[in-house]
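Working notes, beginning with the structure itself.
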Amino acid sequence: ETGVTQTPRHLVMGMTNKKSLKCEQHLGHNAMYWYKQSAKKPLELMFVYNFKEQTENNSVPSRFSPECPNSSHLFLHLHTLQPEDSALYLCASSQDPGYGYTFGSGTRLTVV
Amino acid sequence: QKEVEQNSGPLSVPEGAIASLNCTYSDRGSQSFFWYRQYSGKSPELIMFIYSNGDKEDGRFTAQLNKASQYVSLLIRDSQPSDSATYLCAGYAGNNRKLIWGLGTSLAVNP
């Protein structure tokens with residue numbers, strides 16, 4: 001496995017469900033990110049982890065709960081989501097943001 | 001509020017033409033700039049980054065940076081239908097661990 005791997009690729013969940021998104025990077029990077037991408041909006045940064053410590057929470061509602069057990073793995077735990085949370089959720093990693101990020105393939109989330 | 005602005009398009013060019021994508025930024029402290037390509041339903045992929053004033057060429061792609069005018073552009077020569085995608089511009093100021101993103105410009109290359 002190389003690059004940044006996200007699972008699942010697609011997820012449909014009800015508003016009362018609990019689910020988790022998983023991200024794994026095989027690049028030896030020390031920073032990982034969760035982004036939300038909705039139609040006609042810029043990429044929205046949700047969380048930043050550096051060396052598995054959370055360094056940014058961009059005013060994200062508590063129904064989104066990140067977890068970073070080590071520098072290679074990142075989770076996003078979801079519970080009691082709203083239909084407006086439907087979006088593409090992207091994980092990214094970097095060694096030095098000055099050289100850009102590497103994105104995973106994303107999870108297309110639909111909340112019904 | 002630090003911003004990166006792009007014309008959302010769509011920009012439509014004929015096959016074989018030069019496509020010119022533009023981006024302006026507000027943070028004068030920005031050091032590096034990135035162009036990502038995103039196909040519909042896919043994740044962004046990095047195609048160019050630039051941090052020095054002037055031009056940087058990679059195959060059919062040329063990135064141009066003018067820090068005095070706070071302006072970044074991407075030229076795609078000999079445009080192909082496979083270049084049809086949304087192009088995202090991003091800047092990095094070096095004082096945190098995150099990029100600032102534009103909304104993206106949709107490019108359509110017509111056969």
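We label chains A, B, ... in the order they appear in the structure tokens, count residues from 1 in each chain, and number ligands from 1 in the order shown.
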Against chain A, which residues of chain B fall within 9 Å? For each one I want the closest pair of atoms and the distance in Å (one decimal), counting only C-alpha atoms, rows by chain and increasing residue number, as a tab-separated table.
```
residue	atom	partner	partner_atom	distance
B:Ser8	CA	A:Lys40	CA	8.9
B:Gln31	CA	A:Gly98	CA	7.8
B:Ser32	CA	A:Gly98	CA	6.0
B:Phe33	CA	A:Gly98	CA	8.3
B:Phe34	CA	A:Gly100	CA	6.9
B:Gly41	CA	A:Leu88	CA	8.4
B:Lys42	CA	A:Ser105	CA	6.4
B:Ser43	CA	A:Ser105	CA	5.2
B:Pro44	CA	A:Phe103	CA	6.5
B:Glu45	CA	A:Phe103	CA	7.0
B:Leu46	CA	A:Thr102	CA	7.5
B:Phe49	CA	A:Tyr99	CA	7.2
B:Tyr51	CA	A:Gly98	CA	8.8
B:Leu88	CA	A:Pro42	CA	9.0
B:Ala90	CA	A:Gly100	CA	8.9
B:Gly91	CA	A:Gly98	CA	8.9
B:Tyr92	CA	A:Gly98	CA	6.4
B:Ala93	CA	A:Gly98	CA	8.3
B:Gly94	CA	A:Gly98	CA	6.8
B:Asn96	CA	A:Pro97	CA	8.7
B:Arg97	CA	A:Pro97	CA	6.0
B:Lys98	CA	A:Pro97	CA	6.5
B:Leu99	CA	A:Pro97	CA	7.1
B:Ile100	CA	A:Leu43	CA	8.7
B:Trp101	CA	A:Pro42	CA	6.3
B:Gly102	CA	A:Pro42	CA	5.9
B:Leu103	CA	A:Pro42	CA	4.4
B:Gly104	CA	A:Pro42	CA	7.4
```
Take the residues from that selection and put them in a file with N, CA, C and O atoms, as a compact mmCIF listing (two decimals), in the first residue's frame.
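Contents of result.txt, as written:
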```
# COMPACT_ATOMS: atom_id res chain seq x y z
N SER B 8 -14.60 31.13 -10.65
CA SER B 8 -15.13 29.76 -10.62
C SER B 8 -15.37 29.17 -12.00
O SER B 8 -15.51 27.95 -12.15
N GLN B 31 4.13 32.02 1.18
CA GLN B 31 5.45 31.67 0.66
C GLN B 31 5.40 30.69 -0.49
O GLN B 31 6.20 30.75 -1.41
N SER B 32 4.45 29.76 -0.42
CA SER B 32 4.36 28.71 -1.43
C SER B 32 2.95 28.66 -1.97
O SER B 32 1.99 28.94 -1.24
N PHE B 33 2.85 28.27 -3.23
CA PHE B 33 1.54 28.21 -3.87
C PHE B 33 1.42 26.92 -4.65
O PHE B 33 2.42 26.40 -5.19
N PHE B 34 0.20 26.41 -4.68
CA PHE B 34 -0.03 25.08 -5.21
C PHE B 34 -1.18 25.09 -6.19
O PHE B 34 -2.17 25.81 -6.00
N GLY B 41 -15.88 14.02 -8.60
CA GLY B 41 -16.05 12.85 -7.73
C GLY B 41 -14.75 12.27 -7.21
O GLY B 41 -14.77 11.27 -6.48
N LYS B 42 -13.62 12.89 -7.55
CA LYS B 42 -12.32 12.38 -7.11
C LYS B 42 -11.68 13.36 -6.14
O LYS B 42 -12.18 14.45 -5.90
N SER B 43 -10.54 12.97 -5.58
CA SER B 43 -9.83 13.84 -4.65
C SER B 43 -8.82 14.70 -5.40
O SER B 43 -8.41 14.38 -6.51
N PRO B 44 -8.41 15.82 -4.80
CA PRO B 44 -7.43 16.69 -5.46
C PRO B 44 -6.06 16.01 -5.58
O PRO B 44 -5.64 15.28 -4.67
N GLU B 45 -5.37 16.27 -6.68
CA GLU B 45 -4.01 15.79 -6.86
C GLU B 45 -3.11 16.97 -7.21
O GLU B 45 -3.46 17.83 -8.01
N LEU B 46 -1.94 16.99 -6.60
CA LEU B 46 -1.00 18.08 -6.80
C LEU B 46 -0.36 17.99 -8.18
O LEU B 46 0.16 16.95 -8.56
N PHE B 49 3.79 23.16 -7.77
CA PHE B 49 3.91 24.14 -6.71
C PHE B 49 5.03 25.10 -7.07
O PHE B 49 5.97 24.75 -7.79
N TYR B 51 7.33 28.69 -5.44
CA TYR B 51 7.59 29.57 -4.31
C TYR B 51 8.50 30.74 -4.68
O TYR B 51 8.72 31.64 -3.88
N LEU B 88 -7.72 23.76 -8.37
CA LEU B 88 -7.72 24.44 -7.08
C LEU B 88 -6.37 25.11 -6.85
O LEU B 88 -5.32 24.49 -7.04
N ALA B 90 -3.98 27.06 -3.98
CA ALA B 90 -3.82 27.14 -2.53
C ALA B 90 -2.51 27.86 -2.20
O ALA B 90 -1.55 27.79 -2.97
N GLY B 91 -2.51 28.55 -1.06
CA GLY B 91 -1.31 29.23 -0.61
C GLY B 91 -0.94 28.78 0.78
O GLY B 91 -1.79 28.32 1.55
N TYR B 92 0.35 28.93 1.10
CA TYR B 92 0.86 28.55 2.42
C TYR B 92 1.75 29.67 2.93
O TYR B 92 2.69 30.08 2.27
N ALA B 93 1.41 30.13 4.17
CA ALA B 93 2.15 31.26 4.72
C ALA B 93 3.32 30.84 5.60
O ALA B 93 4.11 31.67 6.01
N GLY B 94 3.42 29.58 5.91
CA GLY B 94 4.56 29.09 6.66
C GLY B 94 4.47 29.27 8.15
O GLY B 94 5.33 28.79 8.89
N ASN B 96 1.82 28.25 10.02
CA ASN B 96 0.97 27.22 10.59
C ASN B 96 1.10 25.99 9.70
O ASN B 96 1.98 25.94 8.86
N ARG B 97 0.27 25.02 9.93
CA ARG B 97 0.44 23.77 9.21
C ARG B 97 -0.63 23.58 8.15
O ARG B 97 -0.88 22.48 7.72
N LYS B 98 -1.28 24.67 7.70
CA LYS B 98 -2.40 24.47 6.78
C LYS B 98 -2.29 25.37 5.55
O LYS B 98 -1.70 26.45 5.58
N LEU B 99 -2.90 24.88 4.48
CA LEU B 99 -3.01 25.63 3.25
C LEU B 99 -4.32 26.42 3.25
O LEU B 99 -5.30 26.01 3.86
N ILE B 100 -4.32 27.55 2.56
CA ILE B 100 -5.52 28.34 2.35
C ILE B 100 -5.97 28.10 0.91
O ILE B 100 -5.19 28.30 -0.03
N TRP B 101 -7.22 27.70 0.74
CA TRP B 101 -7.70 27.22 -0.54
C TRP B 101 -8.63 28.20 -1.24
O TRP B 101 -9.42 28.88 -0.59
N GLY B 102 -8.52 28.24 -2.56
CA GLY B 102 -9.51 28.92 -3.38
C GLY B 102 -10.69 28.00 -3.65
O GLY B 102 -10.67 26.81 -3.31
N LEU B 103 -11.71 28.57 -4.27
CA LEU B 103 -12.93 27.81 -4.57
C LEU B 103 -12.73 26.86 -5.74
O LEU B 103 -13.45 25.87 -5.87
N GLY B 104 -11.75 27.15 -6.60
CA GLY B 104 -11.50 26.31 -7.77
C GLY B 104 -12.10 26.90 -9.03
O GLY B 104 -13.12 27.59 -8.99
```
Output as a ChimeraX atom specification all residues of chain B that backbone DSSP marks as strand (DSSP E).
-> /B:4-6,11-14,19-25,32-38,45-50,54-58,61-66,71-76,85-92,100-101,105-110
Phe61 in chain B environment, 8 Å, only C-alpha atoms, sequence neighbours closer than 3 positions dropped, as a PyMOL selection string | chain B and resi 48+57-58+74-77
Please identify all polymer residues within 6 Å of Ser12 in chain B, counting only C-alpha atoms, omitting same-chain residues fewer than 3 positions from it, and present them as a CSV table (one decimal) with all heavy atoms, in the first residue's frame.
```csv
chain,number,residue,atom,x,y,z
B,107,LEU,N,-12.5,23.9,-15.6
B,107,LEU,CA,-12.0,24.0,-17.0
B,107,LEU,C,-12.7,22.9,-17.9
B,107,LEU,O,-12.7,21.7,-17.5
B,107,LEU,CB,-10.5,23.8,-17.0
B,107,LEU,CG,-9.8,23.7,-18.4
B,107,LEU,CD1,-9.9,25.0,-19.1
B,107,LEU,CD2,-8.4,23.2,-18.2
B,108,ALA,N,-13.1,23.3,-19.0
B,108,ALA,CA,-13.7,22.3,-20.0
B,108,ALA,C,-12.9,22.5,-21.3
B,108,ALA,O,-12.8,23.6,-21.8
B,108,ALA,CB,-15.2,22.6,-20.2
B,109,VAL,N,-12.3,21.4,-21.7
B,109,VAL,CA,-11.5,21.4,-23.0
B,109,VAL,C,-12.4,20.7,-24.0
B,109,VAL,O,-12.7,19.5,-23.9
B,109,VAL,CB,-10.2,20.7,-22.8
B,109,VAL,CG1,-9.4,20.8,-24.2
B,109,VAL,CG2,-9.4,21.4,-21.8
```
Quick one: residues within 9 Å of Leu81 in chain A, only C-alpha atoms counted, chain neighbours fewer than 5 positions away excluded, as number ranges by chain?
-> A: 13-18, 63-64, 86, 111
CA of Val4 in chain B and CA of Ser79 in chain B, how far apart in Å?
-> 24.7 Å
Please indicate the distance in Å from CA of Asp85 in chain A to CA of Ser38 in chain A, rounded to one decimal place.
-> 8.7 Å
Give me the residues within 10 Å of Ser62 in chain A as number ranges by chain, counting only C-alpha atoms and dropping any in the same chain fewer than 2 places off.
-> A: 59-60, 64-66, 77-81
Write out the residues from the selection above, keeping C-alpha atoms, as a PDB file, in the first residue's frame.
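The resulting selection-v9.pdb:
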```
ATOM      1  CA  SER A  59     -15.061  25.101  15.179  1.00  0.00           C
ATOM      2  CA  VAL A  60     -16.343  21.708  14.116  1.00  0.00           C
ATOM      3  CA  PHE A  64     -17.682  14.935  14.514  1.00  0.00           C
ATOM      4  CA  SER A  65     -15.029  13.401  16.755  1.00  0.00           C
ATOM      5  CA  PRO A  66     -11.488  12.817  15.459  1.00  0.00           C
ATOM      6  CA  HIS A  77     -16.167   9.273  14.326  1.00  0.00           C
ATOM      7  CA  LEU A  78     -19.637  10.374  13.284  1.00  0.00           C
ATOM      8  CA  HIS A  79     -22.828  10.404  15.348  1.00  0.00           C
ATOM      9  CA  THR A  80     -26.252  12.040  15.090  1.00  0.00           C
ATOM     10  CA  LEU A  81     -25.338  13.777  11.857  1.00  0.00           C
TER      11      LEU A  81
END
```
As a PyMOL selection string, please: all residues of chain A that backbone DSSP puts in helix (DSSP H, G or I).
-> chain A and resi 83-85+97-99
Separation of CA of Lys56 in chain B from CA of Pro111 in chain B, in Å and rounded to one decimal |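 It comes out at 27.3 Å.
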Closest to Asn22 in chain B among B:Ile47, B:Val72, B:Leu65, B:Ala85, using only C-alpha atoms?
->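 Residue with the minimum atom-to-atom distance to Asn22 in chain B: B:Val72.
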